[in-house]
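Next up, protein39.cif (mmCIF, C-alpha atoms and all ligand atoms):
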```cif
data_entry
#
loop_
_atom_site.label_atom_id
_atom_site.label_comp_id
_atom_site.auth_asym_id
_atom_site.auth_seq_id
_atom_site.Cartn_x
_atom_site.Cartn_y
_atom_site.Cartn_z
CA MET A 570 19.80 -7.69 33.82
CA GLN A 571 16.90 -5.26 34.10
CA GLN A 572 16.19 -5.85 30.39
CA ALA A 573 16.10 -9.67 30.87
CA GLU A 574 13.66 -9.33 33.79
CA ASP A 575 11.52 -6.96 31.78
CA ILE A 576 11.36 -9.39 28.83
CA LYS A 577 10.46 -12.28 31.15
CA GLY A 578 7.55 -10.22 32.47
CA ARG A 579 6.39 -9.30 28.98
CA PHE A 580 6.62 -12.93 27.87
CA ALA A 581 4.44 -13.99 30.80
CA SER A 582 1.86 -11.33 29.97
CA ARG A 583 1.82 -12.36 26.30
CA LEU A 584 1.07 -15.96 27.32
CA LYS A 585 -1.71 -14.72 29.59
CA GLU A 586 -3.13 -12.76 26.67
CA VAL A 587 -3.10 -15.89 24.49
CA ALA A 588 -5.08 -17.77 27.16
CA GLU A 589 -7.59 -14.91 27.25
CA ILE A 590 -8.00 -14.95 23.46
CA TYR A 591 -8.73 -18.71 23.63
CA GLN A 592 -11.32 -18.08 26.30
CA GLN A 593 -12.95 -15.35 24.20
CA GLY A 594 -13.40 -18.01 21.50
CA ASP A 595 -11.06 -16.68 18.78
CA SER A 596 -9.01 -19.86 18.53
CA GLN A 597 -7.45 -18.91 15.16
CA LEU A 598 -5.93 -15.70 16.50
CA ALA A 599 -4.97 -17.41 19.77
CA LEU A 600 -3.11 -20.11 17.84
CA ARG A 601 -1.16 -17.49 15.85
CA ARG A 602 -0.17 -15.72 19.07
CA LEU A 603 0.75 -19.04 20.68
CA MET A 604 3.04 -19.75 17.73
CA ASP A 605 4.69 -16.32 18.08
CA ALA A 606 5.50 -17.17 21.70
CA ALA A 607 6.74 -20.63 20.65
CA ILE A 608 9.11 -19.06 18.06
CA ASP A 609 10.46 -16.76 20.79
CA THR A 610 11.60 -19.80 22.81
CA ALA A 611 13.98 -20.84 19.95
CA ASN A 612 13.51 -24.37 21.30
CA THR A 613 13.07 -27.14 18.71
CA ASP A 614 11.24 -29.45 21.18
CA ILE A 615 8.63 -26.71 21.52
CA PHE A 616 8.49 -26.29 17.72
CA ASP A 617 7.84 -30.04 17.36
CA ALA A 618 5.13 -29.96 20.03
CA VAL A 619 3.42 -27.04 18.28
CA THR A 620 3.53 -28.63 14.82
CA ALA A 621 2.19 -31.92 16.27
CA HIS A 622 -0.64 -29.84 17.75
CA ILE A 623 -1.37 -28.30 14.31
CA GLU A 624 -1.45 -31.78 12.75
CA TRP A 625 -3.86 -32.90 15.49
CA LEU A 626 -6.11 -29.87 14.90
CA GLU A 627 -6.22 -30.69 11.18
CA ASN A 628 -7.00 -34.40 11.67
CA ALA A 629 -9.00 -34.69 14.89
CA ASN A 630 -11.18 -31.60 14.34
CA PRO A 631 -11.56 -31.10 18.13
CA ASP A 632 -14.27 -29.01 19.78
CA GLU A 633 -13.45 -25.75 21.60
CA ALA A 634 -13.05 -27.38 25.01
CA GLN A 635 -10.68 -30.09 23.76
CA ASN A 636 -8.70 -27.50 21.84
CA TRP A 637 -8.37 -25.28 24.90
CA GLU A 638 -7.27 -28.20 27.08
CA THR A 639 -4.37 -29.20 24.79
CA SER A 640 -3.48 -25.57 24.03
CA GLN A 641 -3.23 -24.90 27.76
CA THR A 642 -0.72 -27.75 28.19
CA LEU A 643 1.25 -26.31 25.30
CA LEU A 644 1.19 -22.83 26.81
CA ASN A 645 2.57 -24.23 30.08
CA ARG A 646 5.40 -25.90 28.19
CA ILE A 647 6.17 -22.65 26.35
CA ALA A 648 6.17 -20.75 29.67
CA ALA A 649 8.61 -23.27 31.16
CA ALA A 650 10.94 -23.04 28.12
CA GLY A 651 11.09 -19.24 28.46
CA VAL A 652 12.34 -16.64 26.03
CA ALA A 653 15.93 -16.18 24.91
CA PRO A 654 16.38 -12.56 23.71
CA ARG A 655 19.08 -12.04 21.08
CA THR A 656 18.64 -8.31 20.60
CA THR A 657 17.21 -5.32 22.41
CA PHE A 658 13.71 -4.05 21.76
CA GLY A 659 13.44 -0.34 20.96
CA GLU A 660 17.10 0.38 20.16
CA ARG A 661 17.74 2.60 17.15
CA ILE A 662 18.90 0.57 14.14
CA LEU A 663 18.72 3.03 11.26
CA GLU A 664 19.08 6.75 10.83
CA ALA A 665 18.67 8.49 7.47
CA SER A 666 19.67 12.16 7.18
CA GLY A 667 18.99 14.46 4.26
CA VAL A 668 18.62 11.60 1.77
CA ARG A 669 18.11 12.79 -1.82
CA LYS A 670 17.95 10.97 -5.15
CA ARG A 671 17.38 12.49 -8.58
CA TYR A 672 16.31 10.84 -11.84
CA THR A 673 17.10 13.63 -14.26
CA SER A 674 15.61 11.73 -17.25
CA ARG A 675 12.21 11.82 -15.49
CA SER A 676 12.75 15.13 -13.67
CA PHE A 677 11.95 13.30 -10.43
CA GLU A 678 13.58 14.13 -7.13
CA LEU A 679 13.18 12.28 -3.87
CA GLY A 680 13.79 13.98 -0.56
CA PRO A 681 15.35 15.28 1.49
CA VAL A 682 14.20 12.43 3.76
CA ASP A 683 15.13 12.24 7.41
CA THR A 684 13.98 9.28 9.43
CA VAL A 685 14.87 6.83 12.16
CA LEU A 686 13.86 3.23 12.76
CA ALA A 687 13.97 1.23 15.98
CA ARG A 688 13.79 -2.52 16.63
CA GLY A 689 10.22 -3.75 16.90
CA GLU A 690 8.91 -0.68 15.06
CA MET A 691 6.86 -0.50 11.87
CA LEU A 692 7.20 2.47 9.55
CA GLY A 693 4.52 2.82 6.88
CA LEU A 694 5.45 4.49 3.60
CA VAL A 695 2.35 5.66 1.79
CA GLY A 696 1.58 7.64 -1.35
CA GLU A 697 0.12 7.21 -4.79
CA ASN A 698 1.98 5.54 -7.68
CA GLY A 699 5.22 7.14 -8.84
CA ASN A 700 5.85 9.20 -5.70
CA GLY A 701 9.15 7.60 -4.72
CA LYS A 702 8.23 4.78 -2.32
CA THR A 703 10.17 2.10 -4.19
CA THR A 704 13.13 4.43 -4.65
CA LEU A 705 13.32 5.13 -0.91
CA LEU A 706 12.94 1.45 0.01
CA ARG A 707 15.72 0.47 -2.41
CA ILE A 708 17.96 3.15 -0.94
CA LEU A 709 17.30 1.83 2.58
CA ALA A 710 18.01 -1.70 1.29
CA GLN A 711 21.39 -0.51 -0.07
CA GLU A 712 20.31 -1.36 -3.61
CA LEU A 713 20.52 2.24 -4.80
CA SER A 714 23.07 4.89 -3.92
CA VAL A 715 22.05 8.34 -2.69
CA ASP A 716 22.98 11.63 -4.42
CA GLU A 717 23.09 13.47 -1.12
CA GLY A 718 22.73 12.67 2.55
CA SER A 719 23.61 9.54 4.47
CA ILE A 720 22.17 6.41 6.07
CA GLU A 721 23.67 4.91 9.17
CA TYR A 722 22.84 1.39 10.34
CA PHE A 723 23.44 0.45 13.97
CA LEU A 724 23.59 -3.32 13.58
CA PRO A 725 25.97 -5.76 15.25
CA GLN A 726 28.67 -7.36 13.07
CA SER A 727 27.86 -5.35 9.97
CA GLY A 728 31.31 -3.91 9.37
CA ASN A 729 31.48 -4.56 5.63
CA ALA A 730 28.93 -4.12 2.85
CA TYR A 731 28.29 -7.88 2.52
CA ASP A 732 27.57 -8.35 6.24
CA LEU A 733 25.29 -5.35 6.21
CA ARG A 734 23.34 -6.59 3.17
CA SER A 735 22.77 -9.94 4.91
CA LYS A 736 21.01 -8.11 7.74
CA LEU A 737 18.68 -6.20 5.44
CA ALA A 738 15.87 -8.12 3.77
CA TYR A 739 14.16 -6.45 0.83
CA ILE A 740 11.04 -8.03 -0.67
CA PRO A 741 10.28 -6.31 -4.00
CA GLN A 742 6.83 -5.88 -5.54
CA ARG A 743 7.39 -8.69 -8.00
CA THR A 744 9.22 -11.63 -6.53
CA PRO A 745 10.98 -14.16 -8.79
CA LYS A 746 9.57 -17.59 -9.57
CA TRP A 747 11.04 -20.52 -7.65
CA PHE A 748 11.18 -24.24 -8.46
CA GLY A 749 10.42 -27.34 -6.40
CA SER A 750 8.17 -27.53 -3.33
CA LEU A 751 7.58 -24.72 -0.88
CA MET A 752 8.96 -26.82 1.98
CA ASP A 753 12.17 -27.75 0.12
CA ASN A 754 12.83 -24.12 -0.74
CA LEU A 755 12.49 -23.07 2.89
CA LYS A 756 14.70 -25.93 4.07
CA PHE A 757 17.32 -24.90 1.56
CA THR A 758 17.22 -21.28 2.74
CA LEU A 759 17.75 -22.30 6.35
CA SER A 760 20.54 -24.73 5.45
CA CYS A 761 22.42 -21.78 3.89
CA TYR A 762 22.59 -20.39 7.43
CA GLY A 763 24.14 -23.57 8.75
CA VAL A 764 20.97 -25.13 10.27
CA LYS A 765 20.88 -28.78 9.17
CA GLY A 766 19.11 -32.09 9.91
CA GLN A 767 16.24 -32.34 12.39
CA ALA A 768 16.70 -28.76 13.66
CA ASN A 769 16.22 -27.50 10.10
CA GLU A 770 13.04 -29.56 9.62
CA SER A 771 11.58 -28.47 12.99
CA TYR A 772 12.24 -24.78 12.47
CA VAL A 773 10.93 -24.78 8.89
CA LEU A 774 7.74 -26.61 9.87
CA MET A 775 7.23 -24.13 12.71
CA MET A 776 7.55 -21.20 10.28
CA VAL A 777 5.29 -22.93 7.72
CA ALA A 778 2.64 -23.33 10.41
CA ARG A 779 3.03 -19.75 11.65
CA MET A 780 2.63 -18.26 8.18
CA GLY A 781 -0.55 -20.27 7.53
CA LEU A 782 1.16 -22.43 4.90
CA TRP A 783 0.59 -25.82 6.52
CA LYS A 784 -1.79 -27.12 3.87
CA TYR A 785 0.41 -25.78 1.09
CA LYS A 786 3.80 -27.05 2.19
CA ASN A 787 4.18 -29.53 -0.64
CA MET A 788 2.90 -27.19 -3.32
CA GLN A 789 4.90 -25.52 -6.08
CA TRP A 790 5.09 -21.86 -7.09
CA ASN A 791 2.42 -22.05 -9.81
CA GLU A 792 -0.09 -23.71 -7.45
CA LEU A 793 -0.10 -20.78 -4.99
CA SER A 794 -2.20 -17.60 -5.10
CA SER A 795 -0.51 -14.16 -4.80
CA GLY A 796 -1.36 -14.06 -1.09
CA TYR A 797 0.30 -17.39 -0.38
CA LYS A 798 3.31 -16.46 -2.52
CA MET A 799 3.72 -13.41 -0.27
CA ARG A 800 3.39 -15.62 2.82
CA PHE A 801 6.11 -17.87 1.41
CA GLU A 802 8.39 -14.84 0.86
CA LEU A 803 7.77 -13.74 4.43
CA ALA A 804 8.49 -17.23 5.81
CA ARG A 805 11.70 -17.38 3.80
CA THR A 806 12.71 -13.92 5.00
CA PHE A 807 11.99 -14.59 8.68
CA LEU A 808 14.10 -17.78 8.53
CA ARG A 809 17.04 -15.54 7.58
CA ARG A 810 16.48 -13.53 10.78
CA PRO A 811 17.08 -10.09 9.29
CA ASP A 812 17.41 -6.99 11.46
CA ILE A 813 15.54 -4.76 9.02
CA LEU A 814 12.72 -5.89 6.73
CA LEU A 815 11.82 -3.69 3.75
CA LEU A 816 8.63 -4.60 1.91
CA ASP A 817 7.41 -3.03 -1.30
CA GLU A 818 3.61 -3.17 -1.67
CA PRO A 819 3.10 -6.49 0.16
CA LEU A 820 -0.67 -5.93 0.07
CA ALA A 821 -1.00 -5.64 -3.71
CA ASN A 822 -3.35 -8.30 -5.18
CA LEU A 823 -4.65 -9.37 -1.74
CA ASP A 824 -8.27 -9.20 -0.62
CA MET A 825 -9.16 -7.13 2.46
CA GLN A 826 -9.14 -10.12 4.81
CA ALA A 827 -5.72 -11.28 3.60
CA GLN A 828 -4.36 -7.72 3.88
CA GLN A 829 -5.43 -7.46 7.51
CA THR A 830 -3.97 -10.85 8.40
CA ILE A 831 -0.61 -10.14 6.75
CA LEU A 832 -0.33 -6.76 8.46
CA GLU A 833 -1.20 -8.16 11.88
CA ASP A 834 1.24 -11.03 11.37
CA LEU A 835 3.99 -8.63 10.34
CA LYS A 836 3.31 -6.49 13.37
CA SER A 837 3.52 -9.37 15.81
CA LEU A 838 6.57 -10.97 14.15
CA ALA A 839 8.34 -7.58 14.13
CA GLY A 840 7.50 -7.18 17.81
CA SER A 841 9.00 -10.58 18.73
CA LEU A 842 10.53 -10.51 22.21
CA ALA A 843 13.46 -12.73 21.23
CA ASN A 844 14.29 -11.15 17.91
CA PRO A 845 12.52 -7.82 17.31
CA ILE A 846 13.13 -6.30 13.89
CA GLY A 847 12.45 -2.97 12.21
CA VAL A 848 9.93 -3.05 9.35
CA VAL A 849 9.41 -0.47 6.61
CA LEU A 850 6.55 -1.19 4.26
CA SER A 851 5.17 0.74 1.32
CA SER A 852 1.56 0.68 0.35
CA GLN A 853 -1.30 2.55 -1.24
CA GLN A 854 -3.64 1.02 1.37
CA LEU A 855 -3.45 3.98 3.66
CA TYR A 856 -5.99 3.12 6.36
CA GLU A 857 -4.84 -0.47 6.75
CA VAL A 858 -1.19 0.57 7.02
CA GLU A 859 -1.96 3.38 9.47
CA LYS A 860 -3.72 0.95 11.77
CA VAL A 861 -0.62 -1.16 12.36
CA SER A 862 2.26 1.29 11.81
CA ASP A 863 3.99 3.13 14.60
CA ARG A 864 4.62 6.02 12.22
CA VAL A 865 3.59 6.91 8.71
CA LEU A 866 5.58 8.80 6.10
CA PHE A 867 3.56 10.13 3.20
CA LEU A 868 5.40 10.80 -0.07
CA ARG A 869 4.03 13.30 -2.57
CA ARG A 870 6.10 13.90 -5.71
CA GLY A 871 9.12 12.68 -3.78
CA GLN A 872 8.53 15.09 -0.90
CA PRO A 873 8.10 13.56 2.56
CA LEU A 874 5.20 14.63 4.76
CA TRP A 875 5.09 13.15 8.24
CA GLN A 876 1.88 12.19 9.93
CA ASP A 877 2.70 15.10 12.21
CA GLN A 878 4.44 17.94 10.42
CA ARG A 879 4.91 20.04 13.56
CA ALA A 880 6.89 17.40 15.46
CA ALA A 881 10.59 18.12 15.86
CA ASP A 882 11.29 14.40 15.73
CA PRO A 883 9.36 12.27 13.20
CA GLY A 884 8.61 9.86 16.06
CA ASP A 885 6.64 12.43 18.07
CA VAL A 886 2.88 12.47 17.75
CA LEU A 887 1.20 15.75 18.70
CA PRO A 888 -2.52 16.39 19.10
CA PRO A 889 -4.25 17.45 15.84
CA GLU A 890 -4.77 21.16 15.06
CA HIS A 891 -8.11 20.71 13.29
CA PHE A 892 -10.98 18.28 13.29
CA ILE A 893 -11.17 16.87 9.74
CA ILE A 894 -13.74 14.48 8.32
CA GLU A 895 -14.12 12.69 5.04
CA PHE A 896 -17.62 11.70 3.95
CA GLU A 897 -19.90 10.81 1.07
CA THR A 898 -23.44 12.02 0.54
CA GLN A 899 -25.85 12.59 -2.33
CA SER A 900 -27.50 15.61 -0.68
CA PRO A 901 -27.13 19.02 -2.38
CA ARG A 902 -23.99 20.98 -1.60
CA GLU A 903 -25.89 24.12 -0.41
CA GLU A 904 -27.77 22.11 2.25
CA LEU A 905 -24.52 20.61 3.38
CA GLN A 906 -22.80 23.98 3.67
CA ALA A 907 -25.71 25.44 5.61
CA ALA A 908 -25.70 22.53 8.08
CA LEU A 909 -21.94 22.50 8.64
CA ALA A 910 -21.78 26.30 9.01
CA LYS A 911 -23.45 25.74 12.41
CA LEU A 912 -20.17 24.14 13.53
CA SER A 913 -18.02 26.97 12.07
CA VAL A 914 -16.71 24.79 9.24
CA GLU A 915 -13.41 26.27 7.98
CA LYS A 916 -13.09 24.50 4.64
CA ILE A 917 -15.13 22.08 2.51
CA SER A 918 -13.64 20.43 -0.56
CA PHE A 919 -14.95 17.86 -2.96
CA ASN A 920 -12.31 15.40 -4.02
CA GLY A 921 -12.69 12.20 -6.05
CA GLY A 922 -16.29 11.51 -5.01
CA THR A 923 -15.83 12.33 -1.33
CA TYR A 924 -16.17 15.54 0.67
CA VAL A 925 -13.53 16.67 3.12
CA ALA A 926 -14.49 19.22 5.77
CA GLN A 927 -12.20 20.95 8.23
CA PHE A 928 -13.45 22.36 11.55
CA PRO A 929 -11.94 23.94 14.66
CA VAL A 930 -10.25 21.25 16.75
CA GLU A 931 -12.92 21.22 19.49
CA VAL A 932 -15.64 19.97 17.08
CA THR A 933 -16.50 16.28 17.59
CA MET A 934 -17.97 13.48 15.49
CA PRO A 935 -21.27 13.32 17.49
CA ALA A 936 -21.73 17.10 16.94
CA VAL A 937 -21.23 16.67 13.18
CA MET A 938 -23.66 13.73 13.09
CA GLU A 939 -26.23 15.74 14.99
CA VAL A 940 -26.22 18.73 12.59
CA LEU A 941 -26.26 16.47 9.53
CA VAL A 942 -29.09 14.30 10.81
CA SER A 943 -31.22 17.26 11.89
CA ALA A 944 -30.76 18.84 8.44
CA GLY A 945 -32.02 15.59 6.87
CA ILE A 946 -28.71 14.83 5.17
CA SER A 947 -28.10 11.14 4.66
CA LEU A 948 -24.57 9.80 4.67
CA LEU A 949 -23.13 6.96 2.63
CA TYR A 950 -19.83 7.03 4.52
CA ILE A 951 -18.03 9.15 7.13
CA ARG A 952 -14.60 9.00 8.75
CA ASP A 953 -12.46 11.10 11.11
CA ILE A 954 -9.17 11.78 9.29
CA SER A 955 -7.75 14.39 11.70
CA LYS A 956 -4.74 12.22 12.48
CA SER A 957 -4.61 10.27 9.24
CA THR A 958 -2.12 10.96 6.44
CA ARG A 959 -5.25 10.72 4.26
CA ARG A 960 -5.54 14.49 4.78
CA PHE A 961 -2.43 14.93 2.61
CA PHE A 962 -4.03 12.93 -0.22
CA VAL A 963 -7.00 15.28 -0.27
CA GLN A 964 -5.11 18.55 0.11
CA SER A 965 -3.20 18.21 -3.17
N1 LIG A 1001 15.76 3.73 -12.48
C1 LIG A 1001 15.01 4.81 -12.76
N2 LIG A 1001 15.39 5.71 -13.70
C2 LIG A 1001 14.64 6.80 -13.98
N3 LIG A 1001 13.47 7.08 -13.37
C3 LIG A 1001 13.03 6.22 -12.44
C4 LIG A 1001 13.76 5.04 -12.08
N4 LIG A 1001 13.07 4.36 -11.11
C5 LIG A 1001 11.96 5.11 -10.89
N5 LIG A 1001 11.93 6.21 -11.67
C6 LIG A 1001 10.89 7.28 -11.65
O1 LIG A 1001 10.91 7.86 -10.35
C7 LIG A 1001 9.58 8.15 -9.91
C8 LIG A 1001 9.34 7.44 -8.56
O2 LIG A 1001 9.26 6.04 -8.79
P1 LIG A 1001 9.06 4.95 -7.62
O3 LIG A 1001 9.01 3.62 -8.27
O4 LIG A 1001 10.06 5.19 -6.57
O5 LIG A 1001 7.62 5.37 -7.06
P2 LIG A 1001 6.55 4.52 -6.21
O6 LIG A 1001 5.88 5.52 -5.35
O7 LIG A 1001 7.19 3.36 -5.60
O8 LIG A 1001 5.53 4.05 -7.31
P3 LIG A 1001 5.21 2.54 -7.78
O9 LIG A 1001 4.33 1.98 -6.72
O10 LIG A 1001 4.52 2.77 -9.09
O11 LIG A 1001 6.54 1.84 -7.92
C9 LIG A 1001 8.66 7.72 -11.02
O12 LIG A 1001 8.39 8.85 -11.81
C10 LIG A 1001 9.49 6.72 -11.81
O13 LIG A 1001 9.10 6.70 -13.16
#
```
Would you mind writing the file out in structure tokens?
Amino acid sequence: MQQAEDIKGRFASRLKEVAEIYQQGDSQLALRRLMDAAIDTANTDIFDAVTAHIEWLENANPDEAQNWETSQTLLNRIAAAGVAPRTTFGERILEASGVRKRYTSRSFELGPVDTVLARGEMLGLVGENGNGKTTLLRILAQELSVDEGSIEYFLPQSGNAYDLRSKLAYIPQRTPKWFGSLMDNLKFTLSCYGVKGQANESYVLMMVARMGLWKYKNMQWNELSSGYKMRFELARTFLRRPDILLLDEPLANLDMQAQQTILEDLKSLAGSLANPIGVVLSSQQLYEVEKVSDRVLFLRRGQPLWQDQRAADPGDVLPPEHFIIEFETQSPREELQAALAKLSVEKISFNGGTYVAQFPVEVTMPAVMEVLVSAGISLLYIRDISKSTRRFFVQS
């Protein structure tokens, strides 16, 4: 009961947030958030109203005021329809303990990996090529067996291996080619779950709109770019309503803008109020993944390093022990060392074109900037990586 009241309150505040985003003038983002709320209603009349709105936006090219007026009516309808939660946000759905896998032919060993995943949570798996990300994802997807350790899934009605597999969605790095139109493929997927007729059409169109595929709905596989192929895979996967989504390098071949949009979309779809899911995604795009993930696991030569190595539970985030920056400069190294010595620099290393400097934890970015500027050192780039798993990349 308490949970239902809580979700009602959160739904209302999400709708309020959408209205605020419209008023701030970011109508693209507002529309995506409006669609997330619409999907949470699980109401096909609402889906039809939203897709009619998308069609109108495409054809009528309204100004901001007209757009806001019709969007507001839609928001009121979504508020009246309400949210129908199917699962509980935040409950633990996966627990891996002491997972190990060996490939003796390559003398590669993964693990031991211990981790947990909750509904609505995103776990980022980062590391350079060949460090075991795909192996771990495939183990979590039940595609590979473990040599040691165990994985427990806490999912309803997943008593046998087939039921469990239907609740886990794994999107590999290279997805297979499909035939026919994008729309027909999505309709077929949904019909396999027993959704037929008008309800099928309404739900698929809603998902097509949400994933930014509206203009591409009649296109075929070879007419879509890598980014839109990934969007199609995500649409198809979300129609299956998995409990756990495992994605291998979904950002590969995408430009920066497309990477950001996919990550934000994943985050908000995972955090759905009606149907929150757990997401694990692997990537080499460390900063982008860190921005949206609740936790990050860094893999180096199969060994897991958590964002916070001192935490008893991988979910805990403790304050950093050092202040660490990464930067680029063309100034001489001696000048740099002399300037940073004023802040009791503990370590300076040069790694792949960038410097990394470690200081006592009380040092701040403005203090660093001040000593560098007064020593006449010009910077090409600077970033605080005290909390980032980037510090593991540079310590190897
Ligand atoms: N089926 C297999 N048999 C033997 N060795 C394998 C197998 N699959 C992967 N490996 C090896 O295990 C190591 C980890 O590979 P994995 O694909 O898990 O890493 P990754 O971090 O996902 O890298 P990538 O992004 O390149 O896939 C690599 O050395 C790889 O060559």
Worksheet item: Taking all atoms listed in the file into account, which of A:Ala778, A:Leu679, A:Leu600, A:Ala665 comes nearest ligand LIG 1001 (chain A)?
Response: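 Nearest candidate to ligand LIG 1001 (chain A) out of A:Ala778, A:Leu679, A:Leu600, A:Ala665: A:Leu679.
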Practice prompt. Write out as an MDAnalysis selection string each polymer residue whose atoms come within 12 Å of Ile893 of chain A, counting all atoms listed in the file; drop sequence neighbours fewer than 3 positions from it.
Written response: chainID A and resid 889:890 896 914:918 924:934 937 951:961 963:964
Between chain A and ligand LIG 1001 (chain A), at 8 Å or less, what are the per-residue closest atom pairs and their distances in Å? Count all atoms listed in the file, order by chain and rising residue number, and return it as JSON lines.
```
{"residue": "A:Tyr672", "atom": "CA", "partner": "A:LIG1001", "partner_atom": "C2", "distance": 4.9}
{"residue": "A:Thr673", "atom": "CA", "partner": "A:LIG1001", "partner_atom": "C2", "distance": 7.3}
{"residue": "A:Ser674", "atom": "CA", "partner": "A:LIG1001", "partner_atom": "C2", "distance": 6.0}
{"residue": "A:Arg675", "atom": "CA", "partner": "A:LIG1001", "partner_atom": "N3", "distance": 5.3}
{"residue": "A:Ser676", "atom": "CA", "partner": "A:LIG1001", "partner_atom": "O12", "distance": 7.9}
{"residue": "A:Phe677", "atom": "CA", "partner": "A:LIG1001", "partner_atom": "O1", "distance": 5.5}
{"residue": "A:Glu678", "atom": "CA", "partner": "A:LIG1001", "partner_atom": "O1", "distance": 7.5}
{"residue": "A:Leu679", "atom": "CA", "partner": "A:LIG1001", "partner_atom": "C8", "distance": 7.8}
{"residue": "A:Val695", "atom": "CA", "partner": "A:LIG1001", "partner_atom": "O6", "distance": 8.0}
{"residue": "A:Gly696", "atom": "CA", "partner": "A:LIG1001", "partner_atom": "O6", "distance": 6.2}
{"residue": "A:Glu697", "atom": "CA", "partner": "A:LIG1001", "partner_atom": "O6", "distance": 6.0}
{"residue": "A:Asn698", "atom": "CA", "partner": "A:LIG1001", "partner_atom": "O8", "distance": 3.9}
{"residue": "A:Gly699", "atom": "CA", "partner": "A:LIG1001", "partner_atom": "O8", "distance": 3.5}
{"residue": "A:Asn700", "atom": "CA", "partner": "A:LIG1001", "partner_atom": "O6", "distance": 3.7}
{"residue": "A:Gly701", "atom": "CA", "partner": "A:LIG1001", "partner_atom": "O4", "distance": 3.2}
{"residue": "A:Lys702", "atom": "CA", "partner": "A:LIG1001", "partner_atom": "O7", "distance": 3.7}
{"residue": "A:Thr703", "atom": "CA", "partner": "A:LIG1001", "partner_atom": "O7", "distance": 3.5}
{"residue": "A:Thr704", "atom": "CA", "partner": "A:LIG1001", "partner_atom": "O4", "distance": 3.7}
{"residue": "A:Leu705", "atom": "CA", "partner": "A:LIG1001", "partner_atom": "O4", "distance": 6.5}
{"residue": "A:Asp817", "atom": "CA", "partner": "A:LIG1001", "partner_atom": "O7", "distance": 7.7}
{"residue": "A:Glu818", "atom": "CA", "partner": "A:LIG1001", "partner_atom": "O9", "distance": 7.2}
{"residue": "A:Ser851", "atom": "CA", "partner": "A:LIG1001", "partner_atom": "O7", "distance": 7.7}
{"residue": "A:Ser852", "atom": "CA", "partner": "A:LIG1001", "partner_atom": "O9", "distance": 7.7}
{"residue": "A:Gln853", "atom": "CA", "partner": "A:LIG1001", "partner_atom": "O9", "distance": 7.9}
{"residue": "A:Leu868", "atom": "CA", "partner": "A:LIG1001", "partner_atom": "O6", "distance": 7.5}
{"residue": "A:Arg870", "atom": "CA", "partner": "A:LIG1001", "partner_atom": "C8", "distance": 7.8}
{"residue": "A:Gly871", "atom": "CA", "partner": "A:LIG1001", "partner_atom": "C8", "distance": 7.1}
```
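With distances restricted to all atoms listed in the file, A:Tyr772 is the closest residue to Ala607 of chain A from A:Tyr762, A:Tyr722, A:Tyr731, A:Tyr772.
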Worksheet item: Could you state the separation of atom CA of Phe892 of chain A and atom CA of Gln829 of chain A in Å, given to one decimal place?
Response: 27.0 Å
